[in-house]
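Structure first, commentary second.
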Amino acid sequence: MSASEMTLSLIMGRMQTLIVLLAFCLAIQAEVFAAAKSSNITVTSDGEFLLVVNPDSDSVSIVGLGVIPALVSEIPVGRMPQSIAVDLFFPFAYVVNRMDDSVTVLDLRNNTAMGCVAVQDEPFAVVVGSNYLFVSNQGSDSISVIHRASLLPLMSISTAAAPKGLALSDDGSRLFVTHFFSGSVSVIDTERMQVIAVVSTSSLANVSQSISIDTSRDLAYLPQTFSNSTNKALLFDTTVAPVVSVVDLHQLVNLRTHRISLDVIDEPVGLPIDLLRTPADLLYVVNAASNDVTVIDLKTNIATAHLRVGANPRGIALSPDGARAFVNNTLSGSVSIIDTIAQKVTQELIVTDIPLSPGILNGKRLFNDSSSPAIAREQWIACASCHFDGAHDGRTWFFKDGLRNTPSLLGVAETLPMHWSGDLDELHDVESTVRNIQAGTGLIPGADNCTPACDAAPPNSGRSADLDDLARYMETLRFSSNPSLENFGAPDPRVQAGSLLFHSAQTGCVVCHTPPLFTDRRRHDVGTGGGPLEAKGSAFDTPSLRSIARTPPYLHDGSALTLRDVLVNRNPSDLHGVTSQLSNADLGNMEAFLAALPYQGVVMSEPPACQRQPVAVQPGEVLAAIEMTLAEQTYRAGDRFILELHTVGIGTADLYGAVIFPDDSFISLNESFALSQLNQITRMRHSLLLEHGSKLELLNLVLPGNLAKGNYRAIGIAVAEGTDVLDTANWLAVDEIGFMIE
């Protein structure tokens, strides 16, 4: 055997050994990470502690789960925490802070916050895999991938709009992502770090922020609200419907006949928001608006219990033995403890003192509540059903006024009047919505002071303590963050050019959309009204443009799906700004400016910076993570082939990369696209500083027609700086990705 043959045999043998070891590790991890799901409440793997997220307290409560459960400590975290996950290999927990765009790392050995990791805009959920943390970013339509060992961001995966709930398959190979407004589920291959499928549950599906995996049946359950916005004859009980959608994870299809209608098998409930399956094959569904839990026997799809819990429950967790379930009542500051054998609530434990004034807390409870007859008939609709967390539902409804696109209520107190017709001149006029849409009896005695119109009748302020509190809460609704703050006013040529156009006399946009609120709070006829369904005329209240990129569709009737549609397709007569003369480049610049508008005034404070990375390493220790990504699994001659390598860690390393052919011969890769001779080992990158993170494009080519057909592999290896790649003891990280050429 020649020297080159011996070298090839050695490295290929070591690669095969490593692959076997990796497969063994994944088999172990499949047991450890069985179907991890995101939630705002979780139990440690040993069953000793319960961790509860408190969104209004900006904290996490630690509850000891002894014979008598008791609060152990409460740990301050970032602003508006949403989700928590426990690392099963180390005594750490990870908390997503929506308003700070960060993940706080908790050390459960001493119940302290170690620091935080910066992620993207409006993060919501977190799950932990064998090598990475996955964080959904609703505001930036992405998933952040964070290296567990170094706690540094490795990469970002783009998704469809508004990713929210997360769940990992039992072997960690697939990440399932819910999308809040569409109810669809993205499936991410965690080997290739790519979205490989999107499953639609229904065109009506909405408010979808949780997913739970049933490994035994290979199914996923999704609590959702169906928004029946296509109904032209709305009644209170034909607006929204509480359901649990079921997805076949093998075929990746929605099982329409398996869908569970909660109002049919149980009773009308509001906003099903989280769920879990117990070992006894029972599904516990948490209903955030009606303040209850529906228990379903999955063998018969019949409800076996209906349990009242605290205010605005939004999460549920299970003890390791399945004997107890714990419900996070976010607006009671408590946890309801359920005996899953007896199917009854045995205790409600206070875990935090919510730091809101009594009036605002009462108003927030009313906003999120459908259980009171004053607010809603038969528990169908809460204010939050269409304005979840004060925002919007992305739907256009057939109301008596005409077609009406749901506006966001964030910042609404600054931009009165309300409604597209501008006929609600005070926040208290939502009394008419409570009575006429939610079919509640109302929060005030007597007339609702909205006849003939709210702005032509006496004020409702001061007529009811509850209505005053609801208005006080609505005054607190604010935008949670500003994803484009770093671009606004910065040297981004598109934003700057768009700003000049927006403020110019040429377009006239600024006349009605006046900074800093970007509205003149007046009604105008811009040529978008009219038609047989319109009952309030063709003049509409000028909407604020703050957060405009987050609130499609646009216009009063939702007829513009994009900002480009507003500027072009729905503005033929230049009544909505003079835009017909704008070039494609001008229109793109205008869109960039609108997407970069600050949310509150001209400047909004940035989230607190993560001052230090919450990871401890020994002097000289090197940590590395590498991930190779491909867009497809199968390629043909003529296809564009792009192979990328993502790296992150602590310290410096040398990188090697190779493509292995079907006959086990290989070529080494270089970041400048240079390729080695066949079966020759060459270094791809020397002394790479890992802390900065990198994305290296290793191959970008159109595949020629003379390549052998078959199964190929790409392998990346990070080794200690200056060491021999043939010695596996020097390997810091390795990743392999397979693909086929047909």
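For the structure tokens, the naming scheme is as follows: chains receive sequential letters (A, B, ...) according to their order of presentation, residues are indexed from 1 within each chain, and ligands are indexed from 1 in presentation order.
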
Fill in: Spatial neighbours of segment 172-188 of chain A, 7 Å, only C-alpha atoms, chain gap at least 6 places, as a PyMOL selection string
chain A and resi 30+33+129+161-166+194-203+205-211+393-394

Worksheet entry | Those of segment 505-723 of chain A in DSSP helix (DSSP H, G or I), formatted as an MDAnalysis selection string | chainID A and resid 509:512 548:550 563:569 584:595

Item to complete: Find the distance between atom CA of Ser261 of chain A and atom CA of Tyr221 of chain A and write it in Å to one decimal.
Response: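 That distance, rounded to one decimal, is 12.6 Å.
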
Worksheet item: With only C-alpha atoms as the basis for distance, which of A:Val566, A:Leu427, A:Ile296, A:Leu331 is at the shortest distance from Tyr473 of chain A?
Response: A:Leu427

Worksheet entry | Residue neighbourhood Leu582 of chain A, 12 Å, only C-alpha atoms, exclusion window fewer than 2 positions, as a PyMOL selection string | chain A and resi 498+501-502+506-507+564+567-568+574+577-580+584-591

Discussion item. So, with only C-alpha atoms as the atoms that count, which of A:Asp171, A:Thr542, A:Val145, A:Arg683 lies closest to Asp520 of chain A?
Written reply: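 The closest residue to Asp520 of chain A is A:Thr542.
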
Discussion item. I want to know what sits within 8 Å of Asp141 of chain A, based on only C-alpha atoms, with residues of the same chain fewer than 2 positions away left out; could you give that as a PyMOL selection string?
Written reply: chain A and resi 136-139+143+158-163

Please write the residues from the selection above to a file, keeping C-alpha atoms, as a CSV table (one decimal), in the first residue's frame.
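Written out: out-v5.csv:
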chain,number,residue,atom,x,y,z
A,136,SER,CA,-37.9,31.7,18.2
A,137,ASN,CA,-37.8,35.4,17.2
A,138,GLN,CA,-41.3,36.5,16.3
A,139,GLY,CA,-40.2,40.0,15.3
A,143,ILE,CA,-34.7,31.0,14.8
A,158,SER,CA,-35.1,32.3,8.4
A,159,THR,CA,-38.7,31.1,8.7
A,160,ALA,CA,-42.2,32.2,7.7
A,161,ALA,CA,-43.8,35.1,9.6
A,162,ALA,CA,-44.2,35.2,13.3
A,163,PRO,CA,-42.5,32.0,14.6

Worksheet item: From the list A:Ala439, A:Asp46, A:Pro515, A:Phe388, which residue is nearest Pro373 of chain A when using only C-alpha atoms?
Response: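 Once distances to Pro373 of chain A are computed over only C-alpha atoms, the minimum belongs to A:Ala439.
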
Discussion item. Residues within 10 Å of Thr528 of chain A, please, as JSON, numbers by chain. Count only C-alpha atoms; anything in the same chain fewer than 3 positions from it doesn't count.
Written reply: {"A": [525, 531, 538, 539, 540, 555, 556, 557, 559, 566, 570, 571, 572, 575, 576]}

Worksheet item: Glu122 of chain A: which residues within 8 Å, counting only C-alpha atoms, same-chain residues fewer than 3 positions away excluded, as a ChimeraX atom specification?
Response: /A:98-101,137-140,480-481

Fill in: Selected residue of minimal separation from Ala118 of chain A among A:Ala85, A:Val95, A:Ser421, A:Cys610, counting only C-alpha atoms
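Looking only at the distances to Ala118 of chain A, the closest residue turns out to be A:Cys610.
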
Fill in: Residues within 9 Å of segment 652-664 of chain A, only C-alpha atoms, excluding chain neighbours under 2 positions, as an NGL selection string
:A and (12 or 622-624 or 645 or 649-650 or 666-670 or 681-691 or 698 or 708-723 or 725 or 732)

Fill in: DSSP strand (DSSP E) selection over segment 496-668 of chain A, as a PyMOL selection string
chain A and resi 523-524+540-541+623-629+634-635+640-650+652-660+666-668

Practice prompt. Compare A:Asp727, A:Asp292, A:Asp389, A:Asp339 by their minimum atom-to-atom distance to Arg324 of chain A, counting only C-alpha atoms, and give me the closest one.
Written response: A:Asp339

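Among the candidates A:Val105, A:Ala595, A:Ile316, A:Val240, the residue lying nearest to Arg395 of chain A is A:Val240 (atoms considered: only C-alpha atoms).
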